[in-house]
Amino acid sequence: MNSKLSGLFLFIALFIVIASVLFTNNLARQLAAEEHRKIAIWAEATRQFISADDDTDIDFVSSIIEENTTIPVYMVDAEGNLLITRNVPDSTDNQRTKALKTVKSLKEKQEPIEVRISDDIVQYIYYDESSLLKQLYWFPYIEFLIIVIFILIVLYAYRNAQKNEQNRLWVGLSRETAHQLGTPISSLNAWIELLKTDYPHDSKIDEMQKDVDRLQTVADRFGKIGSVPDLQPENIVDVISDTIDYMKQRTSKKISYNFTSTSQYIIASINKPLFQWVIENLCKNSIDAINGEGCITISIKQNKQKIEIDVTDTGRGIERSQQSRIFSPGFTTKQRGWGLGLSLSKRIVEEYHNGKLQLIESKQNVGTTFRITI
């Protein structure tokens, strides 16, 4: 949706700019022709003023000269010496030097207006574009810049609104899930207590209790979505090691786990249940990608104030065309599933732990590596 809207806005912006360029260029040509005509009249008035005799109406000629208050004018002699300027600062040597440089550049762009004072004296007039004409040339580009800024602001606001709506949906869904799980979990705990009374030495009941406790952990995780989690200093090595032990018991024996760390004691402020959820999600994705026999490697590396956790598998990999969408809510390559695992994991790492979750590398039939940075 964003790409379609941005494309539409850019098309409208280009249309407006092209129309503005054509219109302003037409106005600029007319204004340039009008300025040339005014300078030609001004040049003739200047000639008459310089060579005035008793029959010359000095007041009229002077009024014509004084009427030019916008167009910069430079009058030079046959040798190129600056004689007169109008609408140009000329009070200092530096400004006169600048005026001469301007005359030199104008010589390359236009033919001068010749002012013949007498048979032996000829002077030349060069003129620059008025500030109004220059502004007219720049107007379409300034307009385009304003439109682009406006489009970016609109897209940013739209994206934030969409993200906020998505967040509200996620929070509502998560809390409702936690609420729905609460009642059957309470009932199961009650039934287990009754079973323990009748069969106090049955080991199967203890295993049932573990699964119910696991359900309670899942419900707590969903309940934490949307609220500010409590971060506590934890040894990341132990947290991930416990998660791997849990996953091993529920994974095919054909899938092996390798766990390495640069230290046995790496402390970070995390929310343990949520962080373990991220590791589990990444491991589950790896298991699905392996689809049979393979290996999952989890490595931890500490570098100054940064901790990097890489989860690498030997699975089928992710197609290049899909890599940019893997963290989008609802995106999945599996026939079953909501496509929320990676999206939730990214939210937990980046919004709750001020970290980063990214796809580092993925090659077809070789494997995939995700990295958590906190």
# chains A, B, ... in the order shown; residues from 1 in each chain; ligands from 1
>>> residues_around(residues="Gln209 (chain A)", least_positions_apart="3", cutoff="9 Å", atoms="only C-alpha atoms", output="list in words")
Leu188, Asn189, Ile192, Lys204, Ile205, Asp206, Val212, Asp213 and Arg214 of chain A
>>> select_by_dssp(residues="region 118-204 of chain A", states="alpha helix (DSSP H)", output="PyMOL selection string")
chain A and resi 131-198+203-204
>>> atom_distance(atom1="CA of Thr97 (chain A)", atom2="CA of Ile84 (chain A)")
13.4 Å
>>> select_by_dssp(residues="region 51-127 of chain A", states="strand (DSSP E)", output="list of chain:residue names")
A:Val73, A:Tyr74, A:Met75, A:Val76, A:Leu82, A:Leu83, A:Ile84, A:Thr85, A:Arg86, A:Ile113, A:Glu114, A:Val115, A:Arg116, A:Val122, A:Gln123, A:Tyr124, A:Ile125, A:Tyr126, A:Tyr127
>>> write_last_selection(atoms="N, CA and C atoms", output="compact mmCIF listing (two decimals), in the first residue's frame")
# COMPACT_ATOMS: atom_id res chain seq x y z
N VAL A 73 22.60 46.72 -14.70
CA VAL A 73 23.13 47.21 -15.97
C VAL A 73 24.61 47.58 -15.80
N TYR A 74 25.41 47.25 -16.83
CA TYR A 74 26.84 47.55 -16.82
C TYR A 74 27.19 48.24 -18.14
N MET A 75 27.76 49.43 -18.07
CA MET A 75 28.19 50.13 -19.29
C MET A 75 29.72 50.17 -19.30
N VAL A 76 30.30 49.72 -20.42
CA VAL A 76 31.76 49.70 -20.56
C VAL A 76 32.14 50.44 -21.84
N LEU A 82 34.96 49.60 -17.04
CA LEU A 82 33.63 49.81 -16.47
C LEU A 82 33.38 51.31 -16.29
N LEU A 83 32.31 51.79 -16.89
CA LEU A 83 31.99 53.21 -16.82
C LEU A 83 30.86 53.49 -15.83
N ILE A 84 29.74 52.82 -16.05
CA ILE A 84 28.54 53.07 -15.25
C ILE A 84 27.90 51.73 -14.88
N THR A 85 27.36 51.64 -13.67
CA THR A 85 26.53 50.49 -13.29
C THR A 85 25.24 51.00 -12.68
N ARG A 86 24.23 50.19 -12.80
CA ARG A 86 22.95 50.55 -12.18
C ARG A 86 22.37 49.29 -11.56
N ILE A 113 24.47 45.83 -26.12
CA ILE A 113 23.70 46.88 -26.79
C ILE A 113 24.67 48.05 -27.04
N GLU A 114 24.81 48.39 -28.29
CA GLU A 114 25.79 49.44 -28.65
C GLU A 114 25.19 50.82 -28.43
N VAL A 115 25.96 51.69 -27.78
CA VAL A 115 25.54 53.08 -27.55
C VAL A 115 26.58 53.98 -28.21
N ARG A 116 26.22 54.54 -29.37
CA ARG A 116 27.15 55.40 -30.09
C ARG A 116 26.95 56.84 -29.64
N VAL A 122 32.17 54.96 -28.87
CA VAL A 122 31.15 53.90 -28.79
C VAL A 122 31.27 53.22 -27.43
N GLN A 123 30.15 53.07 -26.79
CA GLN A 123 30.11 52.36 -25.51
C GLN A 123 29.12 51.20 -25.60
N TYR A 124 29.26 50.27 -24.67
CA TYR A 124 28.46 49.05 -24.75
C TYR A 124 27.76 48.79 -23.40
N ILE A 125 26.55 48.28 -23.52
CA ILE A 125 25.74 47.99 -22.32
C ILE A 125 25.48 46.48 -22.25
N TYR A 126 25.77 45.93 -21.07
CA TYR A 126 25.43 44.55 -20.74
C TYR A 126 24.43 44.59 -19.58
N TYR A 127 23.54 43.63 -19.58
CA TYR A 127 22.56 43.61 -18.48
C TYR A 127 22.35 42.17 -18.00
>>> residues_around(residues="Gln276 (chain A)", least_positions_apart="4", cutoff="8 Å", atoms="only C-alpha atoms", output="list in words")
Val239, Ile240, Thr243, Lys272 and Glu280 of chain A
>>> write_last_selection(atoms="N, CA and C atoms", output="PDB file, in the first residue's frame")
ATOM      1  N   VAL A 239      20.585 -18.486  30.064  1.00  0.00           N
ATOM      2  CA  VAL A 239      19.242 -18.345  29.494  1.00  0.00           C
ATOM      3  C   VAL A 239      19.125 -19.116  28.188  1.00  0.00           C
ATOM      4  N   ILE A 240      20.098 -18.948  27.310  1.00  0.00           N
ATOM      5  CA  ILE A 240      20.051 -19.634  26.010  1.00  0.00           C
ATOM      6  C   ILE A 240      20.294 -21.127  26.180  1.00  0.00           C
ATOM      7  N   THR A 243      17.124 -22.711  27.158  1.00  0.00           N
ATOM      8  CA  THR A 243      16.204 -22.759  26.021  1.00  0.00           C
ATOM      9  C   THR A 243      16.574 -23.890  25.075  1.00  0.00           C
ATOM     10  N   LYS A 272      13.524 -12.348  30.733  1.00  0.00           N
ATOM     11  CA  LYS A 272      13.878 -13.733  30.436  1.00  0.00           C
ATOM     12  C   LYS A 272      12.809 -14.489  29.647  1.00  0.00           C
ATOM     13  N   GLU A 280      13.448 -19.416  20.952  1.00  0.00           N
ATOM     14  CA  GLU A 280      12.603 -20.541  20.544  1.00  0.00           C
ATOM     15  C   GLU A 280      12.053 -20.330  19.132  1.00  0.00           C
TER      16      GLU A 280
END
>>> atom_distance(atom1="CA of Ile290 (chain A)", atom2="CA of Glu361 (chain A)")
15.6 Å
>>> atom_distance(atom1="CA of Leu231 (chain A)", atom2="CA of Asn271 (chain A)")
4.7 Å
>>> closest_residue(among="A:Thr46, A:Gln216, A:Thr102, A:Ser261", to="Thr183 (chain A)", atoms="only C-alpha atoms")
A:Gln216
>>> closest_atom_pairs(of="region 266-293 of chain A", to="region 364-374 of chain A", cutoff="12 Å", atoms="only C-alpha atoms", output="JSON lines")
{"residue": "A:Ile266", "atom": "CA", "partner": "A:Ile374", "partner_atom": "CA", "distance": 11.6}
{"residue": "A:Ile267", "atom": "CA", "partner": "A:Ile374", "partner_atom": "CA", "distance": 10.8}
{"residue": "A:Ala268", "atom": "CA", "partner": "A:Ile374", "partner_atom": "CA", "distance": 7.9}
{"residue": "A:Ser269", "atom": "CA", "partner": "A:Ile374", "partner_atom": "CA", "distance": 9.1}
{"residue": "A:Ile270", "atom": "CA", "partner": "A:Ile374", "partner_atom": "CA", "distance": 9.2}
{"residue": "A:Phe275", "atom": "CA", "partner": "A:Ile372", "partner_atom": "CA", "distance": 10.3}
{"residue": "A:Val278", "atom": "CA", "partner": "A:Ile372", "partner_atom": "CA", "distance": 9.3}
{"residue": "A:Ile279", "atom": "CA", "partner": "A:Ile372", "partner_atom": "CA", "distance": 9.3}
{"residue": "A:Asn281", "atom": "CA", "partner": "A:Phe370", "partner_atom": "CA", "distance": 11.3}
{"residue": "A:Leu282", "atom": "CA", "partner": "A:Phe370", "partner_atom": "CA", "distance": 7.8}
{"residue": "A:Cys283", "atom": "CA", "partner": "A:Phe370", "partner_atom": "CA", "distance": 10.2}
{"residue": "A:Asn285", "atom": "CA", "partner": "A:Thr368", "partner_atom": "CA", "distance": 9.9}
{"residue": "A:Ser286", "atom": "CA", "partner": "A:Thr368", "partner_atom": "CA", "distance": 8.0}
{"residue": "A:Ile287", "atom": "CA", "partner": "A:Gly367", "partner_atom": "CA", "distance": 11.3}
{"residue": "A:Asp288", "atom": "CA", "partner": "A:Gly367", "partner_atom": "CA", "distance": 11.8}
{"residue": "A:Ala289", "atom": "CA", "partner": "A:Gly367", "partner_atom": "CA", "distance": 8.3}
{"residue": "A:Ile290", "atom": "CA", "partner": "A:Gly367", "partner_atom": "CA", "distance": 8.4}
{"residue": "A:Asn291", "atom": "CA", "partner": "A:Asn365", "partner_atom": "CA", "distance": 11.3}
>>> write_last_selection(atoms="N, CA and C atoms", output="short mmCIF file (atom, residue, chain, number, x, y, z; two decimals), in the first residue's frame")
data_model
loop_
_atom_site.label_atom_id
_atom_site.label_comp_id
_atom_site.auth_asym_id
_atom_site.auth_seq_id
_atom_site.Cartn_x
_atom_site.Cartn_y
_atom_site.Cartn_z
N ILE A 266 28.00 -13.90 30.67
CA ILE A 266 27.75 -12.67 29.92
C ILE A 266 26.42 -12.09 30.42
N ILE A 267 26.51 -10.94 31.07
CA ILE A 267 25.33 -10.35 31.70
C ILE A 267 24.68 -9.32 30.78
N ALA A 268 23.36 -9.35 30.70
CA ALA A 268 22.59 -8.36 29.95
C ALA A 268 21.25 -8.17 30.63
N SER A 269 20.70 -6.97 30.52
CA SER A 269 19.38 -6.68 31.08
C SER A 269 18.31 -7.12 30.08
N ILE A 270 17.59 -8.18 30.42
CA ILE A 270 16.58 -8.73 29.52
C ILE A 270 15.35 -9.13 30.32
N PHE A 275 12.71 -13.09 26.07
CA PHE A 275 13.94 -13.35 25.32
C PHE A 275 14.03 -14.83 24.94
N VAL A 278 12.05 -15.47 21.87
CA VAL A 278 12.74 -15.13 20.63
C VAL A 278 13.64 -16.28 20.17
N ILE A 279 14.44 -16.81 21.10
CA ILE A 279 15.35 -17.92 20.76
C ILE A 279 14.55 -19.13 20.28
N ASN A 281 11.59 -19.11 18.86
CA ASN A 281 11.04 -18.84 17.52
C ASN A 281 12.10 -19.05 16.44
N LEU A 282 13.30 -18.55 16.69
CA LEU A 282 14.37 -18.71 15.70
C LEU A 282 14.72 -20.19 15.52
N CYS A 283 14.75 -20.94 16.63
CA CYS A 283 15.04 -22.37 16.54
C CYS A 283 13.93 -23.12 15.78
N ASN A 285 11.97 -21.87 13.48
CA ASN A 285 12.12 -21.57 12.06
C ASN A 285 13.23 -22.41 11.44
N SER A 286 14.32 -22.58 12.19
CA SER A 286 15.42 -23.39 11.70
C SER A 286 15.00 -24.85 11.52
N ILE A 287 14.24 -25.36 12.49
CA ILE A 287 13.76 -26.75 12.39
C ILE A 287 12.90 -26.93 11.16
N ASP A 288 11.99 -25.98 10.91
CA ASP A 288 11.14 -26.05 9.72
C ASP A 288 11.96 -25.99 8.44
N ALA A 289 13.02 -25.16 8.46
CA ALA A 289 13.85 -25.01 7.27
C ALA A 289 14.69 -26.25 7.00
N ILE A 290 15.13 -26.93 8.08
CA ILE A 290 15.94 -28.15 7.91
C ILE A 290 15.10 -29.27 7.34
N ASN A 291 13.90 -29.43 7.86
CA ASN A 291 12.95 -30.39 7.30
C ASN A 291 13.56 -31.79 7.19
#
>>> closest_residue(among="A:Ala43, A:Ile225, A:Leu10, A:Ala99", to="Ile149 (chain A)", atoms="only C-alpha atoms")
A:Leu10
>>> closest_residue(among="A:Lys363, A:Lys306, A:His36, A:Lys301", to="Ser321 (chain A)", atoms="only C-alpha atoms")
A:Lys363
>>> closest_residue(among="A:Gln166, A:Ile117, A:Val228, A:Glu351", to="Arg47 (chain A)", atoms="only C-alpha atoms")
A:Ile117
>>> closest_residue(among="A:Ile71, A:Val218, A:Glu129, A:Lys284", to="Met247 (chain A)", atoms="only C-alpha atoms")
A:Lys284
>>> closest_residue(among="A:Val17, A:Ile326, A:Ile50, A:Ile236", to="Glu308 (chain A)", atoms="only C-alpha atoms")
A:Ile236
>>> decode(residues="region 96-128 of chain A", atoms="N, CA and C atoms", output="short mmCIF file (atom, residue, chain, number, x, y, z; two decimals), in the first residue's frame")
data_model
loop_
_atom_site.label_atom_id
_atom_site.label_comp_id
_atom_site.auth_asym_id
_atom_site.auth_seq_id
_atom_site.Cartn_x
_atom_site.Cartn_y
_atom_site.Cartn_z
N ARG A 96 33.56 46.41 -7.40
CA ARG A 96 33.84 46.75 -8.80
C ARG A 96 34.54 45.59 -9.51
N THR A 97 35.43 44.91 -8.79
CA THR A 97 36.10 43.74 -9.37
C THR A 97 35.08 42.65 -9.66
N LYS A 98 34.15 42.47 -8.75
CA LYS A 98 33.09 41.49 -8.96
C LYS A 98 32.22 41.87 -10.15
N ALA A 99 31.96 43.18 -10.31
CA ALA A 99 31.15 43.66 -11.44
C ALA A 99 31.86 43.38 -12.76
N LEU A 100 33.18 43.55 -12.80
CA LEU A 100 33.94 43.27 -14.02
C LEU A 100 33.89 41.78 -14.37
N LYS A 101 33.94 40.92 -13.34
CA LYS A 101 33.83 39.49 -13.59
C LYS A 101 32.45 39.15 -14.15
N THR A 102 31.43 39.85 -13.64
CA THR A 102 30.07 39.62 -14.14
C THR A 102 29.97 40.04 -15.61
N VAL A 103 30.58 41.16 -15.94
CA VAL A 103 30.58 41.63 -17.34
C VAL A 103 31.25 40.61 -18.24
N LYS A 104 32.36 40.05 -17.78
CA LYS A 104 33.09 39.05 -18.56
C LYS A 104 32.21 37.83 -18.84
N SER A 105 31.46 37.38 -17.83
CA SER A 105 30.58 36.23 -18.03
C SER A 105 29.40 36.58 -18.92
N LEU A 106 28.91 37.84 -18.82
CA LEU A 106 27.79 38.25 -19.67
C LEU A 106 28.20 38.33 -21.14
N LYS A 107 29.47 38.67 -21.40
CA LYS A 107 29.97 38.74 -22.78
C LYS A 107 29.86 37.39 -23.48
N GLU A 108 29.97 36.30 -22.70
CA GLU A 108 29.90 34.96 -23.27
C GLU A 108 28.46 34.53 -23.56
N LYS A 109 27.48 35.23 -22.97
CA LYS A 109 26.09 34.81 -23.09
C LYS A 109 25.24 35.71 -23.99
N GLN A 110 25.65 36.95 -24.19
CA GLN A 110 24.78 37.88 -24.91
C GLN A 110 25.59 38.89 -25.73
N GLU A 111 24.94 39.40 -26.75
CA GLU A 111 25.53 40.49 -27.53
C GLU A 111 25.22 41.80 -26.83
N PRO A 112 26.20 42.69 -26.70
CA PRO A 112 25.96 43.96 -26.00
C PRO A 112 25.08 44.90 -26.82
N ILE A 113 24.47 45.83 -26.12
CA ILE A 113 23.70 46.88 -26.79
C ILE A 113 24.67 48.05 -27.04
N GLU A 114 24.81 48.39 -28.29
CA GLU A 114 25.79 49.44 -28.65
C GLU A 114 25.19 50.82 -28.43
N VAL A 115 25.96 51.69 -27.78
CA VAL A 115 25.54 53.08 -27.55
C VAL A 115 26.58 53.98 -28.21
N ARG A 116 26.22 54.54 -29.37
CA ARG A 116 27.15 55.40 -30.09
C ARG A 116 26.95 56.84 -29.64
N ILE A 117 27.94 57.34 -28.91
CA ILE A 117 27.88 58.69 -28.39
C ILE A 117 28.22 59.69 -29.49
N SER A 118 29.20 59.35 -30.28
CA SER A 118 29.62 60.18 -31.43
C SER A 118 30.26 59.25 -32.45
N ASP A 119 30.76 59.84 -33.50
CA ASP A 119 31.38 59.00 -34.52
C ASP A 119 32.61 58.28 -33.98
N ASP A 120 33.27 58.86 -33.00
CA ASP A 120 34.51 58.30 -32.49
C ASP A 120 34.34 57.54 -31.16
N ILE A 121 33.23 57.77 -30.50
CA ILE A 121 33.04 57.17 -29.17
C ILE A 121 31.86 56.19 -29.20
N VAL A 122 32.17 54.96 -28.87
CA VAL A 122 31.15 53.90 -28.79
C VAL A 122 31.27 53.22 -27.43
N GLN A 123 30.15 53.07 -26.79
CA GLN A 123 30.11 52.36 -25.51
C GLN A 123 29.12 51.20 -25.60
N TYR A 124 29.26 50.27 -24.67
CA TYR A 124 28.46 49.05 -24.75
C TYR A 124 27.76 48.79 -23.40
N ILE A 125 26.55 48.28 -23.52
CA ILE A 125 25.74 47.99 -22.32
C ILE A 125 25.48 46.48 -22.25
N TYR A 126 25.77 45.93 -21.07
CA TYR A 126 25.43 44.55 -20.74
C TYR A 126 24.43 44.59 -19.58
N TYR A 127 23.54 43.63 -19.58
CA TYR A 127 22.56 43.61 -18.48
C TYR A 127 22.35 42.17 -18.00
N ASP A 128 22.12 42.07 -16.73
CA ASP A 128 21.87 40.76 -16.10
C ASP A 128 20.37 40.58 -15.89
#
